[in-house]
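Dropping data39.cif in here (mmCIF, C-alpha atoms):
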```cif
data_upload
#
loop_
_atom_site.label_atom_id
_atom_site.label_comp_id
_atom_site.auth_asym_id
_atom_site.auth_seq_id
_atom_site.Cartn_x
_atom_site.Cartn_y
_atom_site.Cartn_z
CA MET A 1 0.00 0.00 0.00
CA GLY A 2 1.53 3.31 -0.98
CA GLY A 3 0.82 6.79 0.31
CA LEU A 4 -1.72 8.15 2.76
CA PRO A 5 -5.47 7.85 2.31
CA LEU A 6 -7.33 10.88 1.03
CA PRO A 7 -8.35 13.46 3.66
CA GLU A 8 -12.01 13.32 4.69
CA ASN A 9 -12.58 16.30 6.95
CA THR A 10 -15.01 18.47 5.05
CA PRO A 11 -18.16 17.38 3.17
CA LYS A 12 -16.37 18.28 -0.07
CA GLU A 13 -13.41 16.07 0.88
CA ILE A 14 -15.73 13.24 1.83
CA GLU A 15 -17.44 13.48 -1.53
CA THR A 16 -14.10 13.58 -3.33
CA ALA A 17 -12.81 10.54 -1.44
CA ARG A 18 -16.02 8.73 -2.33
CA ILE A 19 -15.46 9.40 -6.04
CA TYR A 20 -11.89 8.05 -5.96
CA ARG A 21 -12.89 4.96 -4.01
CA ARG A 22 -15.75 4.38 -6.40
CA PHE A 23 -13.57 4.66 -9.47
CA TYR A 24 -11.03 2.31 -7.94
CA THR A 25 -13.87 -0.18 -7.46
CA ALA A 26 -15.06 0.45 -11.04
CA PHE A 27 -11.69 -0.83 -12.26
CA GLN A 28 -12.35 -4.09 -10.41
CA LEU A 29 -15.82 -4.38 -11.90
CA ARG A 30 -14.43 -3.84 -15.37
CA ASP A 31 -11.85 -6.59 -14.83
CA LEU A 32 -14.48 -9.02 -13.55
CA CYS A 33 -16.59 -8.37 -16.65
CA ASN A 34 -13.55 -9.00 -18.78
CA GLU A 35 -13.27 -12.53 -17.48
CA ILE A 36 -10.42 -11.93 -15.06
CA PRO A 37 -10.82 -14.42 -12.18
CA ILE A 38 -11.74 -13.12 -8.73
CA HIS A 39 -8.47 -14.13 -7.06
CA VAL A 40 -6.44 -12.28 -9.71
CA VAL A 41 -8.52 -9.13 -9.21
CA ALA A 42 -8.11 -9.42 -5.43
CA CYS A 43 -4.33 -9.64 -5.77
CA LYS A 44 -4.04 -6.90 -8.36
CA TYR A 45 -5.94 -4.31 -6.32
CA ASP A 46 -4.76 -5.51 -2.93
CA ILE A 47 -8.27 -6.23 -1.69
CA PRO A 48 -9.48 -9.27 0.29
CA ARG A 49 -10.96 -11.91 -1.97
CA GLY A 50 -14.24 -11.97 -0.09
CA LEU A 51 -14.76 -8.28 -0.82
CA VAL A 52 -14.27 -8.80 -4.55
CA GLN A 53 -16.74 -11.66 -4.51
CA ASN A 54 -19.12 -9.49 -2.52
CA LEU A 55 -18.68 -6.72 -5.08
CA ALA A 56 -19.87 -8.88 -7.95
CA GLN A 57 -23.00 -9.83 -6.05
CA THR A 58 -23.79 -6.41 -4.63
CA CYS A 59 -23.39 -4.75 -8.01
CA GLU A 60 -26.05 -6.95 -9.54
CA GLY A 61 -28.55 -5.65 -7.02
CA PHE A 62 -27.39 -2.07 -7.37
CA ALA A 63 -27.49 -2.35 -11.17
CA ALA A 64 -31.11 -3.50 -11.03
CA GLY A 65 -31.94 -0.43 -8.95
CA MET A 66 -30.14 1.87 -11.38
CA ILE A 67 -32.03 0.44 -14.32
CA LYS A 68 -35.36 0.94 -12.57
CA PHE A 69 -34.27 4.49 -11.79
CA CYS A 70 -33.59 5.24 -15.45
CA GLU A 71 -36.85 3.63 -16.45
CA ARG A 72 -38.87 5.88 -14.14
CA MET A 73 -36.94 8.98 -15.17
CA GLN A 74 -37.77 8.05 -18.77
CA TRP A 75 -34.13 7.94 -19.84
CA GLY A 76 -34.76 5.12 -22.29
CA MET A 77 -31.42 4.98 -24.10
CA LEU A 78 -29.42 5.02 -20.89
CA GLN A 79 -31.64 2.25 -19.58
CA ILE A 80 -30.86 0.04 -22.58
CA VAL A 81 -27.13 0.55 -22.24
CA LEU A 82 -27.29 -0.29 -18.54
CA GLU A 83 -29.37 -3.41 -19.22
CA HIS A 84 -26.74 -4.70 -21.63
CA MET A 85 -24.04 -4.11 -19.06
CA ARG A 86 -26.12 -5.86 -16.40
CA ASP A 87 -26.15 -9.00 -18.56
CA ARG A 88 -22.37 -8.81 -18.83
CA LEU A 89 -22.11 -8.34 -15.07
CA LYS A 90 -24.26 -11.41 -14.50
CA ALA A 91 -22.25 -13.55 -16.84
CA GLY A 92 -18.91 -12.07 -15.78
CA ALA A 93 -18.07 -12.04 -19.45
CA ARG A 94 -17.45 -9.97 -22.53
CA ALA A 95 -20.30 -9.31 -24.94
CA ASP A 96 -19.41 -12.08 -27.40
CA LEU A 97 -19.93 -14.73 -24.71
CA LEU A 98 -23.37 -13.63 -23.61
CA GLU A 99 -25.18 -16.22 -25.72
CA LEU A 100 -23.03 -19.13 -24.56
CA ALA A 101 -23.28 -18.02 -20.93
CA LYS A 102 -27.00 -18.79 -21.07
CA ILE A 103 -26.28 -22.53 -21.01
CA PRO A 104 -26.98 -23.84 -17.49
CA PHE A 105 -23.85 -24.49 -15.42
CA ILE A 106 -21.61 -22.86 -18.02
CA LYS A 107 -19.69 -19.99 -16.51
CA SER A 108 -17.60 -17.43 -18.35
CA ARG A 109 -14.37 -19.48 -18.29
CA THR A 110 -15.97 -22.54 -19.86
CA ALA A 111 -17.88 -20.39 -22.33
CA ARG A 112 -14.62 -18.70 -23.38
CA LEU A 113 -12.97 -22.05 -24.01
CA PHE A 114 -15.94 -23.16 -26.10
CA TRP A 115 -15.60 -19.93 -28.05
CA GLU A 116 -11.89 -20.36 -28.61
CA ASN A 117 -12.39 -23.89 -29.83
CA GLY A 118 -14.79 -22.85 -32.52
CA MET A 119 -18.16 -23.18 -30.78
CA LYS A 120 -19.40 -19.64 -30.77
CA SER A 121 -23.15 -20.05 -30.56
CA LEU A 122 -25.82 -22.07 -28.81
CA ARG A 123 -26.55 -23.84 -32.07
CA ALA A 124 -22.92 -24.87 -32.46
CA VAL A 125 -22.82 -26.37 -28.99
CA ALA A 126 -26.15 -28.16 -29.44
CA ALA A 127 -25.05 -29.59 -32.78
CA ALA A 128 -21.66 -30.70 -31.51
CA GLU A 129 -20.98 -34.32 -30.64
CA VAL A 130 -19.96 -35.47 -27.19
CA LYS A 131 -16.48 -36.37 -28.43
CA ASP A 132 -15.96 -32.72 -29.37
CA ILE A 133 -17.36 -31.24 -26.19
CA VAL A 134 -15.73 -33.46 -23.60
CA PRO A 135 -12.11 -32.56 -24.42
CA ILE A 136 -12.97 -28.89 -23.91
CA LEU A 137 -14.57 -29.64 -20.57
CA VAL A 138 -11.48 -31.58 -19.54
CA LEU A 139 -9.42 -28.57 -20.51
CA VAL A 140 -11.52 -26.42 -18.19
CA TRP A 141 -11.03 -28.79 -15.27
CA SER A 142 -7.33 -29.34 -15.81
CA VAL A 143 -6.66 -25.60 -15.95
CA VAL A 144 -8.81 -25.03 -12.88
CA LYS A 145 -7.03 -27.80 -10.96
CA VAL A 146 -3.62 -26.32 -11.73
CA GLU A 147 -4.59 -22.83 -10.62
CA SER A 148 -6.26 -23.63 -7.33
CA LYS A 149 -4.68 -26.51 -5.55
CA THR A 150 -6.69 -26.20 -2.36
CA LEU A 151 -9.99 -25.05 -3.80
CA LEU A 152 -12.51 -27.75 -4.58
CA ILE A 153 -14.44 -27.03 -7.72
CA THR A 154 -17.57 -28.91 -8.66
CA LEU A 155 -19.17 -28.84 -12.06
CA PRO A 156 -22.10 -31.10 -11.22
CA GLY A 157 -24.16 -30.33 -14.30
CA THR A 158 -21.47 -31.07 -16.80
CA ALA A 159 -20.29 -34.20 -14.95
CA GLU A 160 -23.82 -35.56 -14.97
CA GLU A 161 -24.27 -34.59 -18.59
CA VAL A 162 -21.19 -36.55 -19.55
CA GLU A 163 -22.26 -39.46 -17.32
CA ASP A 164 -25.48 -39.49 -19.28
CA GLN A 165 -23.67 -39.56 -22.57
CA ARG A 166 -21.46 -42.32 -21.22
CA ARG A 167 -24.40 -44.54 -20.62
CA ARG A 168 -25.46 -44.04 -24.19
CA ARG A 169 -22.03 -44.43 -25.73
CA SER A 170 -20.02 -46.85 -23.65
CA SER A 171 -16.72 -45.77 -25.18
CA ILE A 172 -16.19 -43.24 -22.39
CA SER A 173 -15.47 -44.45 -18.87
CA PRO A 174 -15.17 -41.76 -16.21
CA LYS A 175 -13.04 -42.25 -13.14
CA THR A 176 -14.07 -40.42 -10.04
CA CYS A 177 -11.42 -38.95 -7.78
CA GLY A 178 -12.25 -39.18 -4.13
CA GLU A 179 -11.53 -35.53 -3.29
CA GLY A 180 -14.39 -34.55 -1.09
CA ARG A 181 -17.25 -33.28 -3.22
CA ASN A 182 -15.12 -33.16 -6.35
CA HIS A 183 -15.95 -35.17 -9.41
CA CYS A 184 -13.49 -35.13 -12.24
CA ILE A 185 -12.86 -37.22 -15.28
CA SER A 186 -9.28 -38.22 -15.90
CA GLY A 187 -7.96 -37.21 -19.29
CA GLN A 188 -6.78 -40.65 -20.38
CA SER A 189 -10.03 -42.53 -19.89
CA VAL A 190 -12.03 -39.88 -21.73
CA MET A 191 -9.75 -39.45 -24.69
CA GLY A 192 -9.16 -43.18 -25.14
CA MET B 1 -46.41 9.20 20.59
CA ASP B 2 -47.90 12.64 21.01
CA ARG B 3 -50.25 13.34 18.10
CA GLY B 4 -49.15 16.93 17.79
CA LEU B 5 -45.49 15.92 17.65
CA LEU B 6 -46.21 13.29 15.02
CA ALA B 7 -48.20 15.75 12.93
CA ASN B 8 -45.30 18.19 13.06
CA MET B 9 -42.81 15.56 11.98
CA VAL B 10 -44.98 14.47 9.06
CA GLY B 11 -45.51 18.08 8.02
CA GLU B 12 -41.78 18.79 8.10
CA THR B 13 -40.95 15.65 6.17
CA VAL B 14 -43.46 16.47 3.47
CA GLN B 15 -42.06 19.98 3.26
CA ASP B 16 -38.54 18.56 2.89
CA LEU B 17 -39.65 16.25 0.13
CA CYS B 18 -41.21 19.16 -1.70
CA THR B 19 -38.04 21.21 -1.36
CA CYS B 20 -36.00 18.32 -2.75
CA GLU B 21 -38.43 18.07 -5.63
CA LEU B 22 -39.52 14.55 -4.83
CA LEU B 23 -43.06 15.68 -4.21
CA THR B 24 -45.26 18.36 -5.73
CA ILE B 25 -48.51 19.92 -4.67
CA ASP B 26 -51.21 20.25 -7.30
CA HIS B 27 -53.31 23.39 -7.67
CA ASP B 28 -56.09 21.61 -5.78
CA GLY B 29 -53.81 20.68 -2.91
CA THR B 30 -53.19 16.98 -3.64
CA TYR B 31 -49.69 15.66 -3.28
CA LYS B 32 -48.08 13.94 -6.21
CA ALA B 33 -44.76 12.18 -6.52
CA THR B 34 -42.43 13.70 -9.07
CA LEU B 35 -40.64 11.56 -11.63
CA LEU B 36 -37.57 11.69 -9.42
CA GLY B 37 -39.59 10.69 -6.37
CA GLN B 38 -41.01 7.69 -8.21
CA ALA B 39 -37.58 6.75 -9.50
CA ILE B 40 -36.09 6.77 -6.02
CA VAL B 41 -38.82 4.51 -4.71
CA ALA B 42 -38.58 2.15 -7.69
CA SER B 43 -34.82 1.79 -7.32
CA SER B 44 -35.02 1.08 -3.56
CA LEU B 45 -32.41 3.72 -2.83
CA SER B 46 -32.54 5.90 0.26
CA VAL B 47 -33.55 9.53 -0.31
CA GLU B 48 -29.99 10.79 0.18
CA ASP B 49 -28.52 8.15 -2.12
CA GLY B 50 -31.29 8.76 -4.64
CA ILE B 51 -30.57 12.46 -4.81
CA PHE B 52 -26.84 11.77 -5.17
CA VAL B 53 -27.48 9.24 -7.95
CA HIS B 54 -29.77 11.70 -9.71
CA ALA B 55 -27.08 14.36 -9.69
CA GLU B 56 -24.51 11.85 -10.95
CA PHE B 57 -26.74 10.67 -13.76
CA GLN B 58 -27.53 14.21 -14.83
CA ARG B 59 -23.84 14.95 -14.98
CA ALA B 60 -23.27 11.71 -16.90
CA LEU B 61 -26.04 12.49 -19.37
CA GLN B 62 -24.40 15.75 -20.30
CA SER B 63 -21.37 13.93 -21.56
CA PHE B 64 -21.72 10.18 -21.56
CA VAL B 65 -18.64 8.38 -22.81
CA MET B 66 -20.15 5.87 -25.20
CA ASP B 67 -17.13 4.56 -27.00
CA GLY B 68 -15.94 2.48 -24.07
CA GLU B 69 -17.10 0.67 -20.97
CA MET B 70 -15.43 2.57 -18.12
CA HIS B 71 -18.18 5.15 -17.71
CA VAL B 72 -20.91 2.54 -17.46
CA PHE B 73 -18.92 0.47 -14.97
CA TYR B 74 -18.48 3.56 -12.86
CA LEU B 75 -22.23 4.22 -12.91
CA PHE B 76 -22.80 0.65 -11.81
CA THR B 77 -20.40 0.78 -8.89
CA PRO B 78 -22.32 1.06 -5.63
CA ILE B 79 -21.98 4.43 -3.96
CA GLN B 80 -21.66 3.16 -0.43
CA PRO B 81 -18.13 1.93 0.19
CA LEU B 82 -18.15 -1.82 0.52
CA GLY B 83 -16.20 -3.11 3.45
CA LEU B 84 -12.76 -1.94 4.43
CA GLY B 85 -10.94 -2.19 1.14
CA GLY B 86 -8.63 0.81 0.93
CA ILE B 87 -7.06 2.21 -2.22
CA ASN B 88 -3.70 0.87 -3.26
CA TRP B 89 -2.36 4.00 -4.96
CA PRO B 90 0.35 2.36 -7.09
CA ALA B 91 -2.31 -0.02 -8.43
CA PHE B 92 -4.60 2.96 -9.14
CA ARG B 93 -1.77 4.74 -10.93
CA THR B 94 -0.99 1.66 -13.02
CA GLU B 95 -4.59 1.18 -14.09
CA MET B 96 -5.01 4.87 -14.83
CA ASP B 97 -1.93 4.85 -17.04
CA ARG B 98 -3.26 1.85 -18.91
CA LEU B 99 -6.59 3.52 -19.69
CA ASP B 100 -7.25 4.33 -23.31
CA ASP B 101 -8.52 7.70 -24.48
CA SER B 102 -12.15 6.78 -23.85
CA GLY B 103 -11.36 5.50 -20.35
CA LEU B 104 -9.46 8.68 -19.51
CA ARG B 105 -12.42 10.80 -20.55
CA ALA B 106 -14.69 8.72 -18.32
CA LEU B 107 -12.19 9.08 -15.46
CA THR B 108 -12.05 12.87 -15.81
CA LEU B 109 -15.83 13.15 -16.10
CA ALA B 110 -16.25 11.17 -12.89
CA GLY B 111 -14.13 13.77 -11.15
CA VAL B 112 -10.86 11.91 -10.73
CA LYS B 113 -7.83 14.14 -11.22
CA PRO B 114 -4.74 12.31 -12.52
CA PHE B 115 -2.32 14.65 -10.74
CA VAL B 116 -3.90 13.75 -7.40
CA VAL B 117 -3.45 10.05 -8.10
CA ASN B 118 0.13 10.58 -9.23
CA ARG B 119 1.19 12.44 -6.14
CA MET B 120 -0.29 10.00 -3.58
#
```

Go ahead and express the file in the form of C-alpha cells.
Amino acid sequence: MGGLPLPENTPKEIETARIYRRFYTAFQLRDLCNEIPIHVVACKYDIPRGLVQNLAQTCEGFAAGMIKFCERMQWGMLQIVLEHMRDRLKAGARADLLELAKIPFIKSRTARLFWENGMKSLRAVAAAEVKDIVPILVLVWSVVKVESKTLLITLPGTAEEVEDQRRRRSSISPKTCGEGRNHCISGQSVMG
Amino acid sequence: MDRGLLANMVGETVQDLCTCELLTIDHDGTYKATLLGQAIVASSLSVEDGIFVHAEFQRALQSFVMDGEMHVFYLFTPIQPLGLGGINWPAFRTEMDRLDDSGLRALTLAGVKPFVVNRM
C-alpha cells in the first residue's frame, strides 16, 4: 500500500474521497466483466478476496436499482445501455460470450474455451458431438485444478451430462477422484 | 407518541420532500410524486442516495462516454463503500496509465484528477 489515504474532513473532501474509491472499485468491476478471475482481481488491487466476490454480487442488485431508476426517469437509451451491461455483469463475461453463458452451469471461463475452440453459438454447442465437447470440458477442469490446488471445484451439471452420454455411448469411462465433493474425469479414460 | 409531535414531523418531512423536488402539490392541494420521487422509490435507494445518484446521472447524461465501458462500470459501482478495502495508490496509478482515451475521458468526467493520483 503506498501513500496516505485521502483526507475526509469536510463534506467536499468526503465526496471527493467517495469518487476516488468508487472509481477504484469500477476498475475491479471492469476486470471481472472481462473474465479476469476473482483471485487475480483481489491480488491486483490488494483487496481481500471476499470483498471482490461481494462486489460482484452487490453490483447486480445495485445495477437493477439503477435500471429501474432510469426507467422511471424516462431515460430510455441510458436504460438500454445499462441493461446490456447488467447482462455482462451477471455472466462475468465480454459481450461475445453472452449467448453461450446462457447454457446452465456454463460460466464465463468454460464459455470462453468453447468460443476459442470454434463453438461460438448455442446452435454450435447443441449440434456438436460429445467427443468434441468433452475434451474442452477436460481442458476447463485441468486448468482449474492447476490454478487452485486447495480449492474444490464442482461442475455437477457437466459431470452428470457426460455421465449421461457415457451410458449411451459406452466408449467413455469416467473415473471419479475421491476428493471430497469433487468429481473429475481423468484425461486418459475420456480421450481413449 | 404525542399526536401533535407526530403531525409536526410528518408536516416537516413532506415539506422537505417538496423542497428536494420529490413531491409536488397540485393546484387543488393533492400531493403527487415527481418523476424523481417515483424513480427513487422504484430503485429502492434511500432519499440521500437517490438524490446523489440523480445528480450523478444528470452529470453523466451531459457527456456520456459511449465509446468504451469505463463510464458505465463507474455508474454501476455502488456508492456506499463496501467493506474496508482501501485504495492501493500504485495499483490505481498503473490502471489509470493503462486507460485508453475513452477510459481517460470517463475518469475525468467522474471527477478523478490524474495529478492527485500521481502524487499519492

Chain B near chain A within 7 Å: what's each residue's closest atom pair and its distance in Å to one decimal, counting only C-alpha atoms, ordered by chain then ascending residue number, as JSON lines?
```
{"residue": "B:Leu35", "atom": "CA", "partner": "A:Met73", "partner_atom": "CA", "distance": 5.7}
{"residue": "B:Leu36", "atom": "CA", "partner": "A:Met73", "partner_atom": "CA", "distance": 6.4}
{"residue": "B:Gln38", "atom": "CA", "partner": "A:Arg72", "partner_atom": "CA", "distance": 6.6}
{"residue": "B:Ala39", "atom": "CA", "partner": "A:Phe69", "partner_atom": "CA", "distance": 4.6}
{"residue": "B:Ile40", "atom": "CA", "partner": "A:Phe69", "partner_atom": "CA", "distance": 6.5}
{"residue": "B:Ala42", "atom": "CA", "partner": "A:Lys68", "partner_atom": "CA", "distance": 6.0}
{"residue": "B:Ser43", "atom": "CA", "partner": "A:Gly65", "partner_atom": "CA", "distance": 4.0}
{"residue": "B:Ser44", "atom": "CA", "partner": "A:Gly65", "partner_atom": "CA", "distance": 6.4}
{"residue": "B:Phe73", "atom": "CA", "partner": "A:Ala26", "partner_atom": "CA", "distance": 5.5}
{"residue": "B:Tyr74", "atom": "CA", "partner": "A:Ala26", "partner_atom": "CA", "distance": 5.0}
{"residue": "B:Phe76", "atom": "CA", "partner": "A:Ala63", "partner_atom": "CA", "distance": 5.6}
{"residue": "B:Thr77", "atom": "CA", "partner": "A:Ala26", "partner_atom": "CA", "distance": 5.8}
{"residue": "B:Pro78", "atom": "CA", "partner": "A:Phe62", "partner_atom": "CA", "distance": 6.2}
{"residue": "B:Ile79", "atom": "CA", "partner": "A:Arg22", "partner_atom": "CA", "distance": 6.7}
{"residue": "B:Gly83", "atom": "CA", "partner": "A:Leu51", "partner_atom": "CA", "distance": 6.9}
{"residue": "B:Gly85", "atom": "CA", "partner": "A:Ile47", "partner_atom": "CA", "distance": 5.6}
{"residue": "B:Ile87", "atom": "CA", "partner": "A:Arg21", "partner_atom": "CA", "distance": 6.7}
{"residue": "B:Asn88", "atom": "CA", "partner": "A:Met1", "partner_atom": "CA", "distance": 5.0}
{"residue": "B:Trp89", "atom": "CA", "partner": "A:Gly2", "partner_atom": "CA", "distance": 5.6}
{"residue": "B:Pro90", "atom": "CA", "partner": "A:Gly2", "partner_atom": "CA", "distance": 6.3}
{"residue": "B:Ala91", "atom": "CA", "partner": "A:Tyr45", "partner_atom": "CA", "distance": 6.0}
{"residue": "B:Phe92", "atom": "CA", "partner": "A:Tyr24", "partner_atom": "CA", "distance": 6.6}
{"residue": "B:Gly111", "atom": "CA", "partner": "A:Ile19", "partner_atom": "CA", "distance": 6.9}
{"residue": "B:Val112", "atom": "CA", "partner": "A:Tyr20", "partner_atom": "CA", "distance": 6.2}
{"residue": "B:Met120", "atom": "CA", "partner": "A:Gly3", "partner_atom": "CA", "distance": 5.2}
```

Query - Which residue of B:Ser102, B:Leu109, B:Arg93, B:Leu23 approaches Gln58 of chain B most closely, using all atoms listed in the file - result: B:Leu109

Report task. For the file shown, report as number ranges by chain the outcome of the PyMOL selection byres ((chain A and resi 123-129) around 12) at residue level. Result -> A: 99-103, 106, 111, 113-115, 117-122, 130-136, 162, 165, 169

Using C-alpha atoms, can you write the selected residues to a file as a compact mmCIF listing (two decimals), keeping the file's coordinate frame?
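Contents of out_0.txt, freshly written:
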```txt
# COMPACT_ATOMS: atom_id res chain seq x y z
CA GLU A 99 -25.18 -16.22 -25.72
CA LEU A 100 -23.03 -19.13 -24.56
CA ALA A 101 -23.28 -18.02 -20.93
CA LYS A 102 -27.00 -18.79 -21.07
CA ILE A 103 -26.28 -22.53 -21.01
CA ILE A 106 -21.61 -22.86 -18.02
CA ALA A 111 -17.88 -20.39 -22.33
CA LEU A 113 -12.97 -22.05 -24.01
CA PHE A 114 -15.94 -23.16 -26.10
CA TRP A 115 -15.60 -19.93 -28.05
CA ASN A 117 -12.39 -23.89 -29.83
CA GLY A 118 -14.79 -22.85 -32.52
CA MET A 119 -18.16 -23.18 -30.78
CA LYS A 120 -19.40 -19.64 -30.77
CA SER A 121 -23.15 -20.05 -30.56
CA LEU A 122 -25.82 -22.07 -28.81
CA VAL A 130 -19.96 -35.47 -27.19
CA LYS A 131 -16.48 -36.37 -28.43
CA ASP A 132 -15.96 -32.72 -29.37
CA ILE A 133 -17.36 -31.24 -26.19
CA VAL A 134 -15.73 -33.46 -23.60
CA PRO A 135 -12.11 -32.56 -24.42
CA ILE A 136 -12.97 -28.89 -23.91
CA VAL A 162 -21.19 -36.55 -19.55
CA GLN A 165 -23.67 -39.56 -22.57
CA ARG A 169 -22.03 -44.43 -25.73
```

Requested in this report: Measuring atom to atom with only C-alpha atoms, identify which of A:Ile14, A:Val140, A:Leu32, A:Asn9 is nearest to Lys90 of chain A.
Outcome: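 Checking each of A:Ile14, A:Val140, A:Leu32, A:Asn9 against Lys90 of chain A, counting only C-alpha atoms, the winner is A:Leu32.
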
Query raised in the report: Once the PyMOL selection byres ((chain B and resi 9-22) around 10) has been applied to the shown file, what residues remain in the selection, as a list of chain:residue names?
Result: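 When the PyMOL selection byres ((chain B and resi 9-22) around 10) is applied, the selected residues are B:Arg3, B:Gly4, B:Leu5, B:Leu6, B:Ala7, B:Asn8, B:Leu23, B:Thr24, B:Ile25, B:Tyr31, B:Lys32, B:Ala33, B:Thr34, B:Leu35, B:Leu36, B:Gly37, B:Gln38, B:Ala39, B:Ile40, B:Val47, B:Ile51.
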
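Computed from the coordinates, the atom CA of Leu99 of chain B to atom CA of Phe57 of chain B distance equals 22.2 Å.
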
Report summary line: re atom CA of Pro11 of chain A and atom CA of Glu48 of chain B: distance 13.9 Å

Query raised in the report: When you draw a straight line from atom CA of Arg109 of chain A to atom CA of Val65 of chain B, how long is it in Å?
Result: 28.5 Å

Requested in this report: Might you pull out every residue within 12 Å of segment 60-64 of chain B, with only C-alpha atoms counted and same-chain residues fewer than 4 positions away left off, and present them as an MDAnalysis selection string?
Outcome: (chainID A and resid 70 75:79 81) or (chainID B and resid 53:56 68:72 74:75 102:103 105:111)
